[in-house]
Amino acid sequence: ADDKRVLEKFLPIFESAALEVGHNTTLFDIPYVQARMADPANNLGVIPQVGHFDTYMSGKSKLRISSKSLARMSEFLGCKNQKSPVTPAKWKAARRGDPEALAYVSKHCKYDVLVEEEVYLKIRPMMRRHPVLGKYGHCHVCDSPHLQQRGYATTRLVGRQIRYQCQKCGA
């Protein structure tokens with residue numbers, strides 16, 4: 001129930017990240033962590049501003065599939081890693097300290113990260129508003145310097161500009 005020490009260990013890691021990637025983090029994880037930090041018992045201030053990419057929100061706008069769950073998206077995108085199911089009883093047993101349940105939940109979380117990474121890598125070239133990670137002249141998504149000119153694009157704000165495609169990630 002006391003999560004202050006977990007948050008104190010989490011914050012330096014989170015602050016050092018160039019980009020935070022997660023599934024449904026916009027609606028659940030980020031507000032939840034912010035609420036736990038603001039709790040008077042923890043009094044840890046506000047969550048640091050880090051580049052953010054939510055695969056749920058991206059999948060919702062780019063993939064026309066019935067369910068936007070991470071498991072369904074990974075299946076649809078043909079990811080090699082798949083999520084494992086966790087029952088509420090298993091979560092409760094893990095919270096109580098049951099060693100078998102803790103080992104299962106730990107393994108589940110590791111696979112969750114692998115699945116999330118695969119979904120992110122497959123969906124990021126589709127995203128036009130991906131947070132900029134690279135230097136000028138590099139891909140804004142993966143920071144590769146291998147760009148190829150692909151004609152021109154015209155925008156209302158800037159006008160005609162050269163269009164590039166990354167040869168590494170496809171963005």
# chains A, B, ... in the order shown; residues from 1 in each chain; ligands from 1
>>> residues_around(residues="Pro85 of chain A", least_positions_apart="3", cutoff="10 Å", atoms="only C-alpha atoms", output="NGL selection string")
:A and (71 or 82 or 88 or 90 or 105 or 108)
>>> write_last_selection(atoms="all heavy atoms", output="compact mmCIF listing (two decimals), in the first residue's frame")
# COMPACT_ATOMS: atom_id res chain seq x y z
N ALA A 71 -3.07 -6.89 -26.69
CA ALA A 71 -3.05 -8.27 -27.19
C ALA A 71 -3.59 -8.36 -28.61
O ALA A 71 -3.00 -9.00 -29.48
CB ALA A 71 -3.85 -9.17 -26.26
N GLN A 82 3.58 -12.46 -27.62
CA GLN A 82 2.16 -12.29 -27.31
C GLN A 82 1.99 -12.14 -25.80
O GLN A 82 2.78 -12.65 -25.02
CB GLN A 82 1.35 -13.50 -27.82
CG GLN A 82 1.37 -13.65 -29.33
CD GLN A 82 0.73 -12.49 -30.07
OE1 GLN A 82 -0.30 -11.99 -29.68
NE2 GLN A 82 1.38 -12.04 -31.13
N PRO A 88 -7.57 -11.70 -11.97
CA PRO A 88 -7.56 -10.84 -10.78
C PRO A 88 -7.07 -11.59 -9.54
O PRO A 88 -6.37 -11.01 -8.70
CB PRO A 88 -9.03 -10.42 -10.63
CG PRO A 88 -9.59 -10.50 -12.02
CD PRO A 88 -8.88 -11.66 -12.67
N LYS A 90 -4.79 -13.88 -9.44
CA LYS A 90 -3.32 -13.97 -9.52
C LYS A 90 -2.70 -12.64 -9.08
O LYS A 90 -1.70 -12.61 -8.36
CB LYS A 90 -2.91 -14.33 -10.95
CG LYS A 90 -1.47 -14.69 -11.13
CD LYS A 90 -1.09 -15.99 -10.49
CE LYS A 90 -1.38 -17.14 -11.41
NZ LYS A 90 -0.86 -18.41 -10.90
N VAL A 105 3.48 -13.03 -12.38
CA VAL A 105 3.23 -11.63 -12.72
C VAL A 105 4.49 -10.96 -13.25
O VAL A 105 4.45 -10.18 -14.20
CB VAL A 105 2.62 -10.87 -11.51
CG1 VAL A 105 2.62 -9.37 -11.75
CG2 VAL A 105 1.21 -11.37 -11.22
N HIS A 108 4.92 -12.11 -16.75
CA HIS A 108 3.87 -11.44 -17.54
C HIS A 108 4.30 -10.01 -17.88
O HIS A 108 4.16 -9.57 -19.02
CB HIS A 108 2.56 -11.43 -16.75
CG HIS A 108 1.54 -10.48 -17.29
ND1 HIS A 108 0.75 -10.78 -18.38
CD2 HIS A 108 1.20 -9.23 -16.91
CE1 HIS A 108 -0.04 -9.75 -18.64
NE2 HIS A 108 0.22 -8.80 -17.76
>>> closest_atom_pairs(of="segment 30-68 of chain A", to="segment 113-124 of chain A", cutoff="8 Å", atoms="only C-alpha atoms", output="tab-separated table")
residue	atom	partner	partner_atom	distance
A:Thr55	CA	A:Tyr120	CA	6.3
A:Ser58	CA	A:Ile123	CA	7.6
A:Gly59	CA	A:Ile123	CA	7.5
>>> select_by_dssp(residues="chain A", states="helix (DSSP H, G or I)", output="MDAnalysis selection string")
chainID A and resid 4:16 25:38 55:62 70:76 88:96 99:126
>>> atom_distance(atom1="atom CA of Ile30 of chain A", atom2="atom CA of Lys68 of chain A")
18.6 Å
>>> residues_around(residues="Leu7 of chain A", least_positions_apart="4", cutoff="10 Å", atoms="only C-alpha atoms", output="ChimeraX atom specification")
/A:2-3,11-12,14,33,36-37,42,44
>>> write_last_selection(atoms="N, CA and C atoms", output="mmCIF file, in the first residue's frame")
data_model
loop_
_atom_site.group_PDB
_atom_site.id
_atom_site.type_symbol
_atom_site.label_atom_id
_atom_site.label_comp_id
_atom_site.auth_asym_id
_atom_site.auth_seq_id
_atom_site.Cartn_x
_atom_site.Cartn_y
_atom_site.Cartn_z
ATOM 1 N N ASP A 2 2.050 1.213 0.627
ATOM 2 C CA ASP A 2 2.944 2.375 0.641
ATOM 3 C C ASP A 2 3.818 2.331 -0.597
ATOM 4 N N ASP A 3 3.545 3.223 -1.552
ATOM 5 C CA ASP A 3 4.270 3.179 -2.821
ATOM 6 C C ASP A 3 5.280 4.317 -2.991
ATOM 7 N N LEU A 11 11.126 7.602 -10.518
ATOM 8 C CA LEU A 11 11.275 8.958 -11.057
ATOM 9 C C LEU A 11 12.600 9.230 -11.768
ATOM 10 N N PRO A 12 13.762 8.888 -11.210
ATOM 11 C CA PRO A 12 15.016 9.155 -11.937
ATOM 12 C C PRO A 12 15.103 8.384 -13.264
ATOM 13 N N PHE A 14 12.473 7.458 -15.112
ATOM 14 C CA PHE A 14 11.516 8.112 -16.011
ATOM 15 C C PHE A 14 12.084 9.423 -16.541
ATOM 16 N N VAL A 33 -0.104 7.617 -11.997
ATOM 17 C CA VAL A 33 1.198 7.935 -11.385
ATOM 18 C C VAL A 33 1.168 9.362 -10.840
ATOM 19 N N ARG A 36 -0.674 9.393 -7.578
ATOM 20 C CA ARG A 36 0.123 8.792 -6.503
ATOM 21 C C ARG A 36 1.227 9.749 -6.062
ATOM 22 N N MET A 37 1.813 10.500 -7.011
ATOM 23 C CA MET A 37 2.867 11.455 -6.654
ATOM 24 C C MET A 37 2.302 12.628 -5.862
ATOM 25 N N ASN A 42 2.828 10.979 -0.144
ATOM 26 C CA ASN A 42 4.036 10.876 -0.963
ATOM 27 C C ASN A 42 4.663 12.246 -1.214
ATOM 28 N N LEU A 44 5.412 14.153 -3.877
ATOM 29 C CA LEU A 44 6.554 14.120 -4.801
ATOM 30 C C LEU A 44 6.413 15.085 -5.981
#
>>> atom_distance(atom1="atom CA of Cys142 of chain A", atom2="atom CA of Cys169 of chain A")
6.8 Å
>>> closest_residue(among="A:Gly22, A:Gly51, A:Pro31, A:Pro131", to="Asp143 of chain A", atoms="only C-alpha atoms")
A:Pro131
>>> closest_residue(among="A:Val50, A:Cys166, A:Met126, A:Val141", to="Lys62 of chain A", atoms="only C-alpha atoms")
A:Met126
>>> decode(residues="segment 44-77 of chain A", atoms="N, CA, C and O atoms", output="short mmCIF file (atom, residue, chain, number, x, y, z; two decimals), in the first residue's frame")
data_model
loop_
_atom_site.label_atom_id
_atom_site.label_comp_id
_atom_site.auth_asym_id
_atom_site.auth_seq_id
_atom_site.Cartn_x
_atom_site.Cartn_y
_atom_site.Cartn_z
N LEU A 44 5.41 14.15 -3.88
CA LEU A 44 6.55 14.12 -4.80
C LEU A 44 6.41 15.09 -5.98
O LEU A 44 7.17 15.00 -6.94
N GLY A 45 5.45 15.99 -5.94
CA GLY A 45 5.31 16.99 -6.99
C GLY A 45 4.59 16.46 -8.22
O GLY A 45 3.69 15.64 -8.13
N VAL A 46 5.03 16.95 -9.39
CA VAL A 46 4.37 16.59 -10.64
C VAL A 46 5.24 15.62 -11.44
O VAL A 46 6.47 15.62 -11.30
N ILE A 47 4.61 14.86 -12.29
CA ILE A 47 5.33 13.90 -13.12
C ILE A 47 6.19 14.68 -14.12
O ILE A 47 5.75 15.69 -14.68
N PRO A 48 7.43 14.29 -14.35
CA PRO A 48 8.31 15.02 -15.28
C PRO A 48 7.77 15.00 -16.72
O PRO A 48 7.11 14.05 -17.12
N GLN A 49 8.06 16.05 -17.45
CA GLN A 49 7.66 16.13 -18.86
C GLN A 49 8.66 15.34 -19.70
O GLN A 49 9.82 15.70 -19.80
N VAL A 50 8.19 14.26 -20.29
CA VAL A 50 9.00 13.37 -21.12
C VAL A 50 8.22 13.14 -22.41
O VAL A 50 6.99 13.10 -22.39
N GLY A 51 8.92 12.99 -23.55
CA GLY A 51 8.24 12.66 -24.79
C GLY A 51 7.33 11.46 -24.57
O GLY A 51 7.68 10.53 -23.84
N HIS A 52 6.16 11.48 -25.18
CA HIS A 52 5.14 10.49 -24.89
C HIS A 52 4.57 9.89 -26.17
O HIS A 52 4.26 10.61 -27.11
N PHE A 53 4.43 8.57 -26.21
CA PHE A 53 3.83 7.88 -27.35
C PHE A 53 2.91 6.80 -26.81
O PHE A 53 3.37 5.88 -26.13
N ASP A 54 1.62 6.91 -27.09
CA ASP A 54 0.62 5.96 -26.60
C ASP A 54 0.17 5.09 -27.76
O ASP A 54 -0.48 5.57 -28.69
N THR A 55 0.52 3.80 -27.73
CA THR A 55 0.16 2.91 -28.84
C THR A 55 -1.35 2.69 -28.92
O THR A 55 -1.87 2.45 -30.01
N TYR A 56 -2.07 2.81 -27.81
CA TYR A 56 -3.53 2.68 -27.86
C TYR A 56 -4.12 3.81 -28.69
O TYR A 56 -4.92 3.58 -29.59
N MET A 57 -3.73 5.05 -28.37
CA MET A 57 -4.26 6.21 -29.11
C MET A 57 -3.85 6.15 -30.58
O MET A 57 -4.64 6.48 -31.46
N SER A 58 -2.63 5.74 -30.85
CA SER A 58 -2.16 5.65 -32.22
C SER A 58 -2.90 4.55 -32.97
O SER A 58 -3.30 4.73 -34.11
N GLY A 59 -3.07 3.41 -32.33
CA GLY A 59 -3.80 2.30 -32.95
C GLY A 59 -5.25 2.65 -33.19
O GLY A 59 -5.84 2.25 -34.20
N LYS A 60 -5.82 3.41 -32.28
CA LYS A 60 -7.22 3.83 -32.39
C LYS A 60 -7.43 4.66 -33.66
O LYS A 60 -8.43 4.51 -34.35
N SER A 61 -6.45 5.50 -33.98
CA SER A 61 -6.61 6.37 -35.14
C SER A 61 -6.09 5.76 -36.44
O SER A 61 -6.51 6.15 -37.51
N LYS A 62 -5.18 4.79 -36.37
CA LYS A 62 -4.54 4.26 -37.59
C LYS A 62 -4.96 2.85 -37.97
O LYS A 62 -4.80 2.47 -39.12
N LEU A 63 -5.42 2.05 -37.03
CA LEU A 63 -5.77 0.66 -37.32
C LEU A 63 -7.27 0.46 -37.17
O LEU A 63 -7.83 0.74 -36.13
N ARG A 64 -7.89 -0.04 -38.20
CA ARG A 64 -9.33 -0.30 -38.15
C ARG A 64 -9.55 -1.76 -37.75
O ARG A 64 -9.83 -2.61 -38.57
N ILE A 65 -9.37 -2.02 -36.44
CA ILE A 65 -9.62 -3.36 -35.92
C ILE A 65 -10.64 -3.25 -34.79
O ILE A 65 -10.79 -2.19 -34.19
N SER A 66 -11.32 -4.35 -34.51
CA SER A 66 -12.44 -4.31 -33.56
C SER A 66 -12.01 -3.94 -32.15
O SER A 66 -12.69 -3.19 -31.47
N SER A 67 -10.93 -4.47 -31.68
CA SER A 67 -10.46 -4.21 -30.32
C SER A 67 -9.09 -3.54 -30.37
O SER A 67 -8.24 -3.93 -31.17
N LYS A 68 -8.88 -2.56 -29.53
CA LYS A 68 -7.60 -1.86 -29.52
C LYS A 68 -6.73 -2.30 -28.34
O LYS A 68 -5.80 -1.62 -27.95
N SER A 69 -7.05 -3.47 -27.76
CA SER A 69 -6.22 -3.96 -26.66
C SER A 69 -4.82 -4.27 -27.20
O SER A 69 -4.64 -4.54 -28.40
N LEU A 70 -3.84 -4.24 -26.33
CA LEU A 70 -2.47 -4.53 -26.73
C LEU A 70 -2.36 -5.94 -27.30
O LEU A 70 -1.67 -6.17 -28.30
N ALA A 71 -3.07 -6.89 -26.69
CA ALA A 71 -3.05 -8.27 -27.19
C ALA A 71 -3.59 -8.36 -28.61
O ALA A 71 -3.00 -9.00 -29.48
N ARG A 72 -4.71 -7.68 -28.87
CA ARG A 72 -5.32 -7.72 -30.20
C ARG A 72 -4.45 -7.00 -31.23
O ARG A 72 -4.28 -7.45 -32.35
N MET A 73 -3.88 -5.87 -30.84
CA MET A 73 -3.02 -5.12 -31.77
C MET A 73 -1.78 -5.94 -32.12
O MET A 73 -1.36 -5.98 -33.27
N SER A 74 -1.17 -6.60 -31.12
CA SER A 74 0.04 -7.38 -31.40
C SER A 74 -0.30 -8.57 -32.31
O SER A 74 0.48 -8.91 -33.19
N GLU A 75 -1.46 -9.15 -32.10
CA GLU A 75 -1.90 -10.26 -32.96
C GLU A 75 -2.13 -9.76 -34.38
O GLU A 75 -1.66 -10.36 -35.35
N PHE A 76 -2.84 -8.64 -34.52
CA PHE A 76 -3.14 -8.06 -35.83
C PHE A 76 -1.87 -7.68 -36.59
O PHE A 76 -1.76 -7.89 -37.80
N LEU A 77 -0.89 -7.12 -35.88
CA LEU A 77 0.35 -6.66 -36.51
C LEU A 77 1.36 -7.79 -36.73
O LEU A 77 2.43 -7.57 -37.28
#
